[in-house]
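Structure below is final03.pdb: PDB, C-alpha atoms.
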ATOM      1  CA  MET A   1      50.015  17.578  59.118  1.00  0.00           C
ATOM      2  CA  SER A   2      51.724  20.839  58.264  1.00  0.00           C
ATOM      3  CA  ASP A   3      52.336  21.527  54.594  1.00  0.00           C
ATOM      4  CA  HIS A   4      55.928  21.544  53.410  1.00  0.00           C
ATOM      5  CA  PRO A   5      55.651  22.869  49.852  1.00  0.00           C
ATOM      6  CA  GLU A   6      59.392  22.568  49.268  1.00  0.00           C
ATOM      7  CA  THR A   7      59.299  18.760  49.503  1.00  0.00           C
ATOM      8  CA  PRO A   8      57.376  16.605  47.026  1.00  0.00           C
ATOM      9  CA  VAL A   9      54.110  15.250  48.417  1.00  0.00           C
ATOM     10  CA  VAL A  10      54.130  11.489  48.846  1.00  0.00           C
ATOM     11  CA  PRO A  11      51.235   9.527  50.353  1.00  0.00           C
ATOM     12  CA  VAL A  12      52.030   7.078  53.152  1.00  0.00           C
ATOM     13  CA  GLU A  13      52.769   3.714  51.542  1.00  0.00           C
ATOM     14  CA  ALA A  14      50.548   0.634  51.475  1.00  0.00           C
ATOM     15  CA  PHE A  15      52.014  -1.588  54.192  1.00  0.00           C
ATOM     16  CA  GLU A  16      51.625  -5.337  54.546  1.00  0.00           C
ATOM     17  CA  PRO A  17      48.322  -5.976  56.415  1.00  0.00           C
ATOM     18  CA  PRO A  18      47.287  -6.140  59.122  1.00  0.00           C
ATOM     19  CA  TYR A  19      47.808  -2.603  60.387  1.00  0.00           C
ATOM     20  CA  TYR A  20      45.495   0.123  61.634  1.00  0.00           C
ATOM     21  CA  VAL A  21      44.190   3.394  60.215  1.00  0.00           C
ATOM     22  CA  ALA A  22      42.574   6.191  62.209  1.00  0.00           C
ATOM     23  CA  VAL A  23      40.520   8.318  59.801  1.00  0.00           C
ATOM     24  CA  PHE A  24      39.683  11.748  61.218  1.00  0.00           C
ATOM     25  CA  THR A  25      37.409  13.973  59.097  1.00  0.00           C
ATOM     26  CA  ALA A  26      36.714  17.465  60.374  1.00  0.00           C
ATOM     27  CA  VAL A  27      35.188  20.826  59.677  1.00  0.00           C
ATOM     28  CA  ARG A  28      36.971  23.573  61.573  1.00  0.00           C
ATOM     29  CA  THR A  29      35.561  26.636  63.285  1.00  0.00           C
ATOM     30  CA  PRO A  30      36.555  30.115  62.056  1.00  0.00           C
ATOM     31  CA  ASP A  31      38.782  30.708  65.121  1.00  0.00           C
ATOM     32  CA  GLN A  32      41.916  28.593  64.839  1.00  0.00           C
ATOM     33  CA  SER A  33      44.048  30.457  67.414  1.00  0.00           C
ATOM     34  CA  GLY A  34      46.631  28.112  68.865  1.00  0.00           C
ATOM     35  CA  TYR A  35      45.824  25.286  66.465  1.00  0.00           C
ATOM     36  CA  GLY A  36      49.119  25.425  64.565  1.00  0.00           C
ATOM     37  CA  GLU A  37      51.298  25.132  67.667  1.00  0.00           C
ATOM     38  CA  THR A  38      49.230  22.272  69.085  1.00  0.00           C
ATOM     39  CA  ASP A  39      49.213  20.489  65.733  1.00  0.00           C
ATOM     40  CA  ALA A  40      53.012  20.705  65.511  1.00  0.00           C
ATOM     41  CA  ARG A  41      53.348  19.383  69.076  1.00  0.00           C
ATOM     42  CA  MET A  42      50.961  16.477  68.347  1.00  0.00           C
ATOM     43  CA  GLU A  43      52.998  15.584  65.257  1.00  0.00           C
ATOM     44  CA  GLU A  44      56.137  15.512  67.408  1.00  0.00           C
ATOM     45  CA  LEU A  45      54.430  13.320  70.033  1.00  0.00           C
ATOM     46  CA  VAL A  46      52.874  10.804  67.658  1.00  0.00           C
ATOM     47  CA  ARG A  47      56.226  10.182  65.963  1.00  0.00           C
ATOM     48  CA  ASN A  48      57.508   8.866  69.286  1.00  0.00           C
ATOM     49  CA  ILE A  49      54.753   6.260  69.621  1.00  0.00           C
ATOM     50  CA  PRO A  50      56.249   2.780  68.999  1.00  0.00           C
ATOM     51  CA  GLY A  51      54.342   1.330  66.025  1.00  0.00           C
ATOM     52  CA  TYR A  52      53.437   4.705  64.514  1.00  0.00           C
ATOM     53  CA  LEU A  53      53.769   4.322  60.732  1.00  0.00           C
ATOM     54  CA  GLY A  54      52.867   7.705  59.293  1.00  0.00           C
ATOM     55  CA  MET A  55      50.213  10.327  58.641  1.00  0.00           C
ATOM     56  CA  ASP A  56      48.404  11.649  55.561  1.00  0.00           C
ATOM     57  CA  TYR A  57      46.688  15.023  55.579  1.00  0.00           C
ATOM     58  CA  ALA A  58      44.616  16.978  53.078  1.00  0.00           C
ATOM     59  CA  GLN A  59      42.348  19.972  53.397  1.00  0.00           C
ATOM     60  CA  SER A  60      40.167  21.468  50.728  1.00  0.00           C
ATOM     61  CA  PRO A  61      40.199  25.280  50.992  1.00  0.00           C
ATOM     62  CA  GLY A  62      37.214  26.270  53.120  1.00  0.00           C
ATOM     63  CA  GLY A  63      36.133  22.651  53.293  1.00  0.00           C
ATOM     64  CA  LEU A  64      36.779  19.275  54.812  1.00  0.00           C
ATOM     65  CA  ALA A  65      40.078  18.356  56.499  1.00  0.00           C
ATOM     66  CA  ILE A  66      41.035  14.678  56.464  1.00  0.00           C
ATOM     67  CA  THR A  67      43.824  13.212  58.603  1.00  0.00           C
ATOM     68  CA  VAL A  68      44.703   9.529  58.320  1.00  0.00           C
ATOM     69  CA  GLY A  69      47.074   8.075  60.896  1.00  0.00           C
ATOM     70  CA  TYR A  70      48.704   4.687  60.317  1.00  0.00           C
ATOM     71  CA  PHE A  71      49.686   2.362  63.183  1.00  0.00           C
ATOM     72  CA  ARG A  72      51.220  -1.104  63.252  1.00  0.00           C
ATOM     73  CA  ASP A  73      48.879  -2.534  65.880  1.00  0.00           C
ATOM     74  CA  ALA A  74      46.144  -1.854  68.427  1.00  0.00           C
ATOM     75  CA  GLU A  75      48.732  -1.228  71.153  1.00  0.00           C
ATOM     76  CA  ALA A  76      50.218   1.687  69.190  1.00  0.00           C
ATOM     77  CA  LEU A  77      46.753   3.188  68.759  1.00  0.00           C
ATOM     78  CA  THR A  78      45.979   2.800  72.453  1.00  0.00           C
ATOM     79  CA  ALA A  79      49.262   4.499  73.382  1.00  0.00           C
ATOM     80  CA  TRP A  80      48.324   7.432  71.146  1.00  0.00           C
ATOM     81  CA  ARG A  81      44.691   7.582  72.260  1.00  0.00           C
ATOM     82  CA  THR A  82      45.606   7.652  75.936  1.00  0.00           C
ATOM     83  CA  ASP A  83      48.528  10.094  75.701  1.00  0.00           C
ATOM     84  CA  ILE A  84      47.890  12.843  78.259  1.00  0.00           C
ATOM     85  CA  GLU A  85      48.871  15.764  76.019  1.00  0.00           C
ATOM     86  CA  HIS A  86      46.879  14.309  73.138  1.00  0.00           C
ATOM     87  CA  ARG A  87      43.783  14.051  75.324  1.00  0.00           C
ATOM     88  CA  ALA A  88      44.154  17.661  76.416  1.00  0.00           C
ATOM     89  CA  ALA A  89      44.483  18.699  72.754  1.00  0.00           C
ATOM     90  CA  GLN A  90      41.321  16.747  71.900  1.00  0.00           C
ATOM     91  CA  ARG A  91      39.402  18.566  74.639  1.00  0.00           C
ATOM     92  CA  ARG A  92      40.631  21.918  73.370  1.00  0.00           C
ATOM     93  CA  GLY A  93      39.702  20.873  69.814  1.00  0.00           C
ATOM     94  CA  ARG A  94      36.113  20.184  70.851  1.00  0.00           C
ATOM     95  CA  ALA A  95      35.968  23.447  72.801  1.00  0.00           C
ATOM     96  CA  GLU A  96      37.525  25.698  70.150  1.00  0.00           C
ATOM     97  CA  TRP A  97      38.684  24.320  66.816  1.00  0.00           C
ATOM     98  CA  TYR A  98      36.133  21.832  65.486  1.00  0.00           C
ATOM     99  CA  GLN A  99      32.641  22.474  64.208  1.00  0.00           C
ATOM    100  CA  ARG A 100      32.149  18.759  63.733  1.00  0.00           C
ATOM    101  CA  TYR A 101      34.192  15.658  63.171  1.00  0.00           C
ATOM    102  CA  SER A 102      34.028  11.900  62.700  1.00  0.00           C
ATOM    103  CA  LEU A 103      36.652   9.361  63.746  1.00  0.00           C
ATOM    104  CA  HIS A 104      36.807   5.886  62.204  1.00  0.00           C
ATOM    105  CA  VAL A 105      39.381   3.430  63.600  1.00  0.00           C
ATOM    106  CA  ALA A 106      39.834   0.414  61.366  1.00  0.00           C
ATOM    107  CA  LYS A 107      42.018  -2.633  60.800  1.00  0.00           C
ATOM    108  CA  VAL A 108      43.481  -2.801  57.297  1.00  0.00           C
ATOM    109  CA  GLU A 109      42.743  -6.081  55.519  1.00  0.00           C
ATOM    110  CA  ARG A 110      43.987  -5.218  52.038  1.00  0.00           C
ATOM    111  CA  SER A 111      46.317  -2.583  50.621  1.00  0.00           C
ATOM    112  CA  HIS A 112      47.781  -1.610  47.291  1.00  0.00           C
ATOM    113  CA  GLY A 113      50.203   0.990  46.037  1.00  0.00           C
ATOM    114  CA  PHE A 114      51.005   2.510  42.671  1.00  0.00           C
ATOM    115  CA  VAL A 115      53.975   4.618  41.579  1.00  0.00           C
ATOM    116  CA  ARG A 116      54.200   5.927  38.024  1.00  0.00           C
ATOM    117  CA  ALA A 117      57.285   4.906  36.083  1.00  0.00           C
ATOM    118  CA  GLU A 118      59.557   7.909  35.523  1.00  0.00           C
ATOM    119  CA  ALA A 119      59.114   9.479  32.117  1.00  0.00           C
ATOM    120  CA  PRO A 120      62.399   9.787  30.195  1.00  0.00           C
ATOM    121  CA  GLN A 121      63.845  13.297  30.518  1.00  0.00           C
ATOM    122  CA  GLY A 122      63.790  15.018  27.120  1.00  0.00           C
TER     123      GLY A 122
ATOM    124  CA  MET B   1      33.983  14.075  45.227  1.00  0.00           C
ATOM    125  CA  SER B   2      33.219  17.309  43.423  1.00  0.00           C
ATOM    126  CA  ASP B   3      33.101  20.372  45.613  1.00  0.00           C
ATOM    127  CA  HIS B   4      29.716  21.985  46.137  1.00  0.00           C
ATOM    128  CA  PRO B   5      30.642  25.268  47.819  1.00  0.00           C
ATOM    129  CA  GLU B   6      27.005  26.317  48.109  1.00  0.00           C
ATOM    130  CA  THR B   7      26.193  23.522  50.592  1.00  0.00           C
ATOM    131  CA  PRO B   8      27.801  23.329  54.032  1.00  0.00           C
ATOM    132  CA  VAL B   9      30.546  20.707  54.259  1.00  0.00           C
ATOM    133  CA  VAL B  10      29.643  17.819  56.542  1.00  0.00           C
ATOM    134  CA  PRO B  11      31.876  14.786  57.085  1.00  0.00           C
ATOM    135  CA  VAL B  12      30.320  11.353  56.672  1.00  0.00           C
ATOM    136  CA  GLU B  13      29.005  10.301  60.064  1.00  0.00           C
ATOM    137  CA  ALA B  14      30.481   7.711  62.441  1.00  0.00           C
ATOM    138  CA  PHE B  15      28.320   4.633  61.868  1.00  0.00           C
ATOM    139  CA  GLU B  16      27.827   1.721  64.228  1.00  0.00           C
ATOM    140  CA  PRO B  17      30.722  -0.746  63.625  1.00  0.00           C
ATOM    141  CA  PRO B  18      31.445  -2.948  61.858  1.00  0.00           C
ATOM    142  CA  TYR B  19      31.616  -1.242  58.471  1.00  0.00           C
ATOM    143  CA  TYR B  20      34.363  -0.725  55.920  1.00  0.00           C
ATOM    144  CA  VAL B  21      36.483   2.211  54.818  1.00  0.00           C
ATOM    145  CA  ALA B  22      38.484   2.423  51.600  1.00  0.00           C
ATOM    146  CA  VAL B  23      41.169   5.092  52.052  1.00  0.00           C
ATOM    147  CA  PHE B  24      42.630   6.309  48.746  1.00  0.00           C
ATOM    148  CA  THR B  25      45.514   8.803  48.958  1.00  0.00           C
ATOM    149  CA  ALA B  26      46.829  10.187  45.683  1.00  0.00           C
ATOM    150  CA  VAL B  27      49.132  12.663  44.018  1.00  0.00           C
ATOM    151  CA  ARG B  28      47.830  13.660  40.600  1.00  0.00           C
ATOM    152  CA  THR B  29      49.723  14.288  37.386  1.00  0.00           C
ATOM    153  CA  PRO B  30      49.624  17.751  35.786  1.00  0.00           C
ATOM    154  CA  ASP B  31      47.324  16.529  32.975  1.00  0.00           C
ATOM    155  CA  GLN B  32      43.843  15.968  34.356  1.00  0.00           C
ATOM    156  CA  SER B  33      41.959  15.957  31.039  1.00  0.00           C
ATOM    157  CA  GLY B  34      38.795  13.920  31.353  1.00  0.00           C
ATOM    158  CA  TYR B  35      39.165  13.449  35.102  1.00  0.00           C
ATOM    159  CA  GLY B  36      36.172  15.586  36.078  1.00  0.00           C
ATOM    160  CA  GLU B  37      33.708  13.730  33.850  1.00  0.00           C
ATOM    161  CA  THR B  38      34.966  10.312  34.978  1.00  0.00           C
ATOM    162  CA  ASP B  39      34.879  11.380  38.620  1.00  0.00           C
ATOM    163  CA  ALA B  40      31.270  12.530  38.295  1.00  0.00           C
ATOM    164  CA  ARG B  41      30.321   9.239  36.613  1.00  0.00           C
ATOM    165  CA  MET B  42      32.052   7.210  39.350  1.00  0.00           C
ATOM    166  CA  GLU B  43      30.171   9.158  42.008  1.00  0.00           C
ATOM    167  CA  GLU B  44      26.907   8.336  40.220  1.00  0.00           C
ATOM    168  CA  LEU B  45      27.834   4.627  39.990  1.00  0.00           C
ATOM    169  CA  VAL B  46      28.993   4.162  43.569  1.00  0.00           C
ATOM    170  CA  ARG B  47      25.770   5.657  44.915  1.00  0.00           C
ATOM    171  CA  ASN B  48      23.929   2.742  43.304  1.00  0.00           C
ATOM    172  CA  ILE B  49      26.001   0.093  45.115  1.00  0.00           C
ATOM    173  CA  PRO B  50      23.842  -1.546  47.817  1.00  0.00           C
ATOM    174  CA  GLY B  51      25.626  -0.955  51.119  1.00  0.00           C
ATOM    175  CA  TYR B  52      27.403   2.237  49.978  1.00  0.00           C
ATOM    176  CA  LEU B  53      27.327   4.633  52.940  1.00  0.00           C
ATOM    177  CA  GLY B  54      29.084   7.758  51.723  1.00  0.00           C
ATOM    178  CA  MET B  55      32.316   9.425  50.638  1.00  0.00           C
ATOM    179  CA  ASP B  56      34.627  12.058  52.110  1.00  0.00           C
ATOM    180  CA  TYR B  57      37.041  13.997  49.942  1.00  0.00           C
ATOM    181  CA  ALA B  58      39.720  16.614  50.577  1.00  0.00           C
ATOM    182  CA  GLN B  59      42.568  17.954  48.482  1.00  0.00           C
ATOM    183  CA  SER B  60      45.251  20.353  49.585  1.00  0.00           C
ATOM    184  CA  PRO B  61      46.029  22.813  46.779  1.00  0.00           C
ATOM    185  CA  GLY B  62      48.925  21.371  44.811  1.00  0.00           C
ATOM    186  CA  GLY B  63      49.176  18.517  47.279  1.00  0.00           C
ATOM    187  CA  LEU B  64      47.671  15.279  48.455  1.00  0.00           C
ATOM    188  CA  ALA B  65      44.110  14.206  47.568  1.00  0.00           C
ATOM    189  CA  ILE B  66      42.377  11.896  50.047  1.00  0.00           C
ATOM    190  CA  THR B  67      39.160  10.043  49.266  1.00  0.00           C
ATOM    191  CA  VAL B  68      37.505   7.872  51.912  1.00  0.00           C
ATOM    192  CA  GLY B  69      34.643   5.615  50.832  1.00  0.00           C
ATOM    193  CA  TYR B  70      32.372   4.042  53.442  1.00  0.00           C
ATOM    194  CA  PHE B  71      30.640   0.689  52.895  1.00  0.00           C
ATOM    195  CA  ARG B  72      28.367  -1.411  55.078  1.00  0.00           C
ATOM    196  CA  ASP B  73      30.076  -4.742  54.379  1.00  0.00           C
ATOM    197  CA  ALA B  74      32.658  -6.614  52.308  1.00  0.00           C
ATOM    198  CA  GLU B  75      30.031  -7.470  49.672  1.00  0.00           C
ATOM    199  CA  ALA B  76      29.418  -3.781  48.960  1.00  0.00           C
ATOM    200  CA  LEU B  77      33.163  -3.222  48.561  1.00  0.00           C
ATOM    201  CA  THR B  78      33.478  -6.197  46.226  1.00  0.00           C
ATOM    202  CA  ALA B  79      30.606  -4.922  44.100  1.00  0.00           C
ATOM    203  CA  TRP B  80      32.361  -1.564  43.771  1.00  0.00           C
ATOM    204  CA  ARG B  81      35.821  -3.031  43.205  1.00  0.00           C
ATOM    205  CA  THR B  82      34.606  -5.314  40.417  1.00  0.00           C
ATOM    206  CA  ASP B  83      32.355  -2.796  38.644  1.00  0.00           C
ATOM    207  CA  ILE B  84      33.353  -2.785  34.954  1.00  0.00           C
ATOM    208  CA  GLU B  85      33.237   0.981  34.498  1.00  0.00           C
ATOM    209  CA  HIS B  86      35.121   1.515  37.752  1.00  0.00           C
ATOM    210  CA  ARG B  87      37.860  -0.874  36.629  1.00  0.00           C
ATOM    211  CA  ALA B  88      38.205   0.964  33.322  1.00  0.00           C
ATOM    212  CA  ALA B  89      38.442   4.278  35.211  1.00  0.00           C
ATOM    213  CA  GLN B  90      41.156   2.808  37.463  1.00  0.00           C
ATOM    214  CA  ARG B  91      43.190   1.750  34.410  1.00  0.00           C
ATOM    215  CA  ARG B  92      42.847   5.220  32.921  1.00  0.00           C
ATOM    216  CA  GLY B  93      43.831   6.727  36.269  1.00  0.00           C
ATOM    217  CA  ARG B  94      47.068   4.744  36.320  1.00  0.00           C
ATOM    218  CA  ALA B  95      47.769   5.632  32.687  1.00  0.00           C
ATOM    219  CA  GLU B  96      46.982   9.347  32.912  1.00  0.00           C
ATOM    220  CA  TRP B  97      45.852  10.938  36.169  1.00  0.00           C
ATOM    221  CA  TYR B  98      47.900   9.586  39.051  1.00  0.00           C
ATOM    222  CA  GLN B  99      51.557  10.120  39.856  1.00  0.00           C
ATOM    223  CA  ARG B 100      51.265   7.761  42.806  1.00  0.00           C
ATOM    224  CA  TYR B 101      48.625   6.452  45.159  1.00  0.00           C
ATOM    225  CA  SER B 102      48.011   4.136  48.086  1.00  0.00           C
ATOM    226  CA  LEU B 103      44.806   2.250  48.849  1.00  0.00           C
ATOM    227  CA  HIS B 104      44.024   0.935  52.328  1.00  0.00           C
ATOM    228  CA  VAL B 105      40.852  -1.153  52.772  1.00  0.00           C
ATOM    229  CA  ALA B 106      39.927  -1.607  56.409  1.00  0.00           C
ATOM    230  CA  LYS B 107      37.185  -2.837  58.725  1.00  0.00           C
ATOM    231  CA  VAL B 108      36.054  -0.231  61.240  1.00  0.00           C
ATOM    232  CA  GLU B 109      36.185  -1.442  64.834  1.00  0.00           C
ATOM    233  CA  ARG B 110      35.495   1.826  66.655  1.00  0.00           C
ATOM    234  CA  SER B 111      33.953   5.132  65.645  1.00  0.00           C
ATOM    235  CA  HIS B 112      33.044   8.404  67.249  1.00  0.00           C
ATOM    236  CA  GLY B 113      31.360  11.599  66.133  1.00  0.00           C
ATOM    237  CA  PHE B 114      31.232  15.154  67.449  1.00  0.00           C
ATOM    238  CA  VAL B 115      28.918  18.019  66.530  1.00  0.00           C
ATOM    239  CA  ARG B 116      29.299  21.417  68.167  1.00  0.00           C
ATOM    240  CA  ALA B 117      26.237  22.728  69.975  1.00  0.00           C
ATOM    241  CA  GLU B 118      24.767  25.695  68.083  1.00  0.00           C
ATOM    242  CA  ALA B 119      25.824  29.030  69.492  1.00  0.00           C
ATOM    243  CA  PRO B 120      22.847  31.283  70.299  1.00  0.00           C
ATOM    244  CA  GLN B 121      22.234  33.799  67.501  1.00  0.00           C
ATOM    245  CA  GLY B 122      22.759  37.272  68.799  1.00  0.00           C
TER     246      GLY B 122
END
Output the file's structure as structure tokens, nothing else.
Amino acid sequence: MSDHPETPVVPVEAFEPPYYVAVFTAVRTPDQSGYGETDARMEELVRNIPGYLGMDYAQSPGGLAITVGYFRDAEALTAWRTDIEHRAAQRRGRAEWYQRYSLHVAKVERSHGFVRAEAPQG
Amino acid sequence: MSDHPETPVVPVEAFEPPYYVAVFTAVRTPDQSGYGETDARMEELVRNIPGYLGMDYAQSPGGLAITVGYFRDAEALTAWRTDIEHRAAQRRGRAEWYQRYSLHVAKVERSHGFVRAEAPQG
């Protein structure tokens, strides 16, 4: 979820269905104290969930933040949803960091990827 | 998908499942000529699809762009996927605007929304 400007940005690939996406769309509050540390810790935790496939993140300046988490199956999602530290972070998010959010958990039925052919170097 | 900084940003709500999400994650090419006009036209077209529920969009500066479209049912998605103008725009996108992208089409099984209680004005 953190930006790493030194590495090229690559969206999470289109896997073979079925798999799950958790789409989290949020507007943040002005006070984001502590958010960065918690976000980094959550990223560390979710990577240890068996069946975790990846995460996409984008935020328009001053606007909407979208996080999409990808999971192999419902069990992986349940492990993440019920993680104790994750639940504590969610409570803190509602108390401090989020003005509003929506969460949509969905089973992928169809996927497709595109990568541009490399242009010849000239 | 255009930004309207004068209106407050609000994520698309969590509807009662089932409904569909189309998650499109993209890295753009440097040359975006014509993109804005086509994007505005696509937004106009998709709003006319029966069963279209809304669209969330975020782009990190210089980074990933995420678009999430929400649709009531598979028929609405099919109508949008097979729209002639939309298909032409997709071809142009692959030829000109996108470095790489992934598309994940998924049926929502669970959703949840949060809105912060208004703080008293003081």
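Proximity to A:Gly34 at 12 Å, evaluated using only C-alpha atoms and with sequence-adjacent residues fewer than 3 positions away removed, yields Asp31, Glu37, Thr38, Asp39, Ala40, Arg41, Ala89, Arg92, Gly93, Glu96 and Trp97 of chain A.
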Carefully work through the PyMOL selection byres ((chain A and resi 68) around 9) for this structure and note down the residues it includes, as a ChimeraX atom specification. /A:21-25,54-57,66-67,69-70 /B:23,66
Once you count only C-alpha atoms, which residues of chain A turn out to be within 8 Å of chain B? Could you give them as a VMD selection string? chain A and resid 9 to 14 20 to 21 25 to 27 56 to 61 63 to 66 94 98 to 116
Same-sequence overlay, chain B on chain A, C-alpha least squares, as a short mmCIF file (atom, residue, chain, number, x, y, z; two decimals) with C-alpha atoms, in the frame of the given file:
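Contents of superposed.cif, freshly written:
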data_model
loop_
_atom_site.label_atom_id
_atom_site.label_comp_id
_atom_site.auth_asym_id
_atom_site.auth_seq_id
_atom_site.Cartn_x
_atom_site.Cartn_y
_atom_site.Cartn_z
CA MET B 1 50.09 17.62 59.19
CA SER B 2 51.71 20.93 58.33
CA ASP B 3 52.31 21.52 54.66
CA HIS B 4 55.90 21.53 53.48
CA PRO B 5 55.58 22.85 49.92
CA GLU B 6 59.31 22.57 49.32
CA THR B 7 59.26 18.75 49.52
CA PRO B 8 57.34 16.61 47.03
CA VAL B 9 54.08 15.24 48.43
CA VAL B 10 54.11 11.48 48.85
CA PRO B 11 51.22 9.50 50.34
CA VAL B 12 52.01 7.06 53.14
CA GLU B 13 52.75 3.71 51.53
CA ALA B 14 50.53 0.62 51.47
CA PHE B 15 52.00 -1.60 54.19
CA GLU B 16 51.62 -5.34 54.53
CA PRO B 17 48.31 -6.00 56.41
CA PRO B 18 47.29 -6.14 59.13
CA TYR B 19 47.80 -2.60 60.38
CA TYR B 20 45.48 0.12 61.62
CA VAL B 21 44.17 3.38 60.21
CA ALA B 22 42.57 6.18 62.20
CA VAL B 23 40.51 8.31 59.80
CA PHE B 24 39.66 11.75 61.22
CA THR B 25 37.39 13.97 59.09
CA ALA B 26 36.72 17.47 60.38
CA VAL B 27 35.18 20.84 59.68
CA ARG B 28 36.97 23.59 61.57
CA THR B 29 35.56 26.65 63.29
CA PRO B 30 36.57 30.12 62.07
CA ASP B 31 38.79 30.70 65.14
CA GLN B 32 41.92 28.59 64.84
CA SER B 33 44.05 30.44 67.41
CA GLY B 34 46.64 28.12 68.86
CA TYR B 35 45.84 25.30 66.45
CA GLY B 36 49.13 25.44 64.55
CA GLU B 37 51.31 25.14 67.65
CA THR B 38 49.23 22.28 69.07
CA ASP B 39 49.22 20.50 65.72
CA ALA B 40 53.01 20.72 65.49
CA ARG B 41 53.36 19.39 69.05
CA MET B 42 50.98 16.49 68.32
CA GLU B 43 53.00 15.59 65.23
CA GLU B 44 56.15 15.53 67.37
CA LEU B 45 54.45 13.32 70.01
CA VAL B 46 52.90 10.80 67.64
CA ARG B 47 56.23 10.20 65.93
CA ASN B 48 57.52 8.88 69.26
CA ILE B 49 54.76 6.26 69.59
CA PRO B 50 56.25 2.79 68.96
CA GLY B 51 54.35 1.33 66.02
CA TYR B 52 53.43 4.71 64.49
CA LEU B 53 53.77 4.32 60.71
CA GLY B 54 52.86 7.70 59.29
CA MET B 55 50.19 10.32 58.63
CA ASP B 56 48.40 11.64 55.56
CA TYR B 57 46.68 15.01 55.57
CA ALA B 58 44.60 16.98 53.07
CA GLN B 59 42.32 19.97 53.41
CA SER B 60 40.14 21.47 50.73
CA PRO B 61 40.19 25.27 50.99
CA GLY B 62 37.23 26.27 53.14
CA GLY B 63 36.13 22.65 53.30
CA LEU B 64 36.77 19.27 54.81
CA ALA B 65 40.07 18.35 56.51
CA ILE B 66 41.02 14.66 56.46
CA THR B 67 43.81 13.21 58.59
CA VAL B 68 44.69 9.52 58.32
CA GLY B 69 47.07 8.07 60.90
CA TYR B 70 48.69 4.68 60.31
CA PHE B 71 49.68 2.35 63.16
CA ARG B 72 51.23 -1.10 63.23
CA ASP B 73 48.90 -2.55 65.87
CA ALA B 74 46.16 -1.85 68.42
CA GLU B 75 48.76 -1.21 71.15
CA ALA B 76 50.24 1.69 69.18
CA LEU B 77 46.76 3.19 68.75
CA THR B 78 46.01 2.80 72.45
CA ALA B 79 49.27 4.51 73.36
CA TRP B 80 48.34 7.45 71.13
CA ARG B 81 44.71 7.59 72.24
CA THR B 82 45.64 7.65 75.93
CA ASP B 83 48.54 10.12 75.67
CA ILE B 84 47.91 12.88 78.24
CA GLU B 85 48.89 15.77 75.99
CA HIS B 86 46.89 14.32 73.11
CA ARG B 87 43.80 14.05 75.31
CA ALA B 88 44.17 17.67 76.40
CA ALA B 89 44.50 18.72 72.74
CA GLN B 90 41.34 16.75 71.89
CA ARG B 91 39.41 18.57 74.63
CA ARG B 92 40.64 21.92 73.35
CA GLY B 93 39.72 20.88 69.82
CA ARG B 94 36.13 20.19 70.85
CA ALA B 95 35.97 23.46 72.80
CA GLU B 96 37.54 25.70 70.15
CA TRP B 97 38.69 24.31 66.81
CA TYR B 98 36.14 21.85 65.48
CA GLN B 99 32.64 22.47 64.21
CA ARG B 100 32.13 18.75 63.73
CA TYR B 101 34.19 15.64 63.17
CA SER B 102 34.01 11.89 62.71
CA LEU B 103 36.64 9.35 63.74
CA HIS B 104 36.79 5.88 62.21
CA VAL B 105 39.37 3.43 63.60
CA ALA B 106 39.84 0.41 61.38
CA LYS B 107 42.02 -2.64 60.80
CA VAL B 108 43.47 -2.82 57.29
CA GLU B 109 42.75 -6.10 55.52
CA ARG B 110 43.97 -5.24 52.03
CA SER B 111 46.29 -2.60 50.62
CA HIS B 112 47.75 -1.64 47.30
CA GLY B 113 50.20 0.96 46.06
CA PHE B 114 50.99 2.49 42.67
CA VAL B 115 53.95 4.59 41.57
CA ARG B 116 54.19 5.90 38.02
CA ALA B 117 57.28 4.89 36.09
CA GLU B 118 59.54 7.91 35.55
CA ALA B 119 59.12 9.49 32.15
CA PRO B 120 62.44 9.83 30.28
CA GLN B 121 63.84 13.36 30.62
CA GLY B 122 63.98 14.99 27.25
#
Pairwise distance for atom CA of B:Ala79 and atom CA of B:Met42, rounded to one decimal in Å: 13.1 Å
At what distance in Å, to one decimal, does atom CA of B:Gln90 lie from atom CA of B:Gly51?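 Answer for the atom CA of B:Gly51 to atom CA of B:Gln90 separation: 21.0 Å.
Applied to the file shown here, the PyMOL selection byres ((chain B and resi 49) around 7) selects the residues Val46, Arg47, Asn48, Pro50, Gly51, Tyr52, Ala76, Ala79 and Trp80 of chain B.
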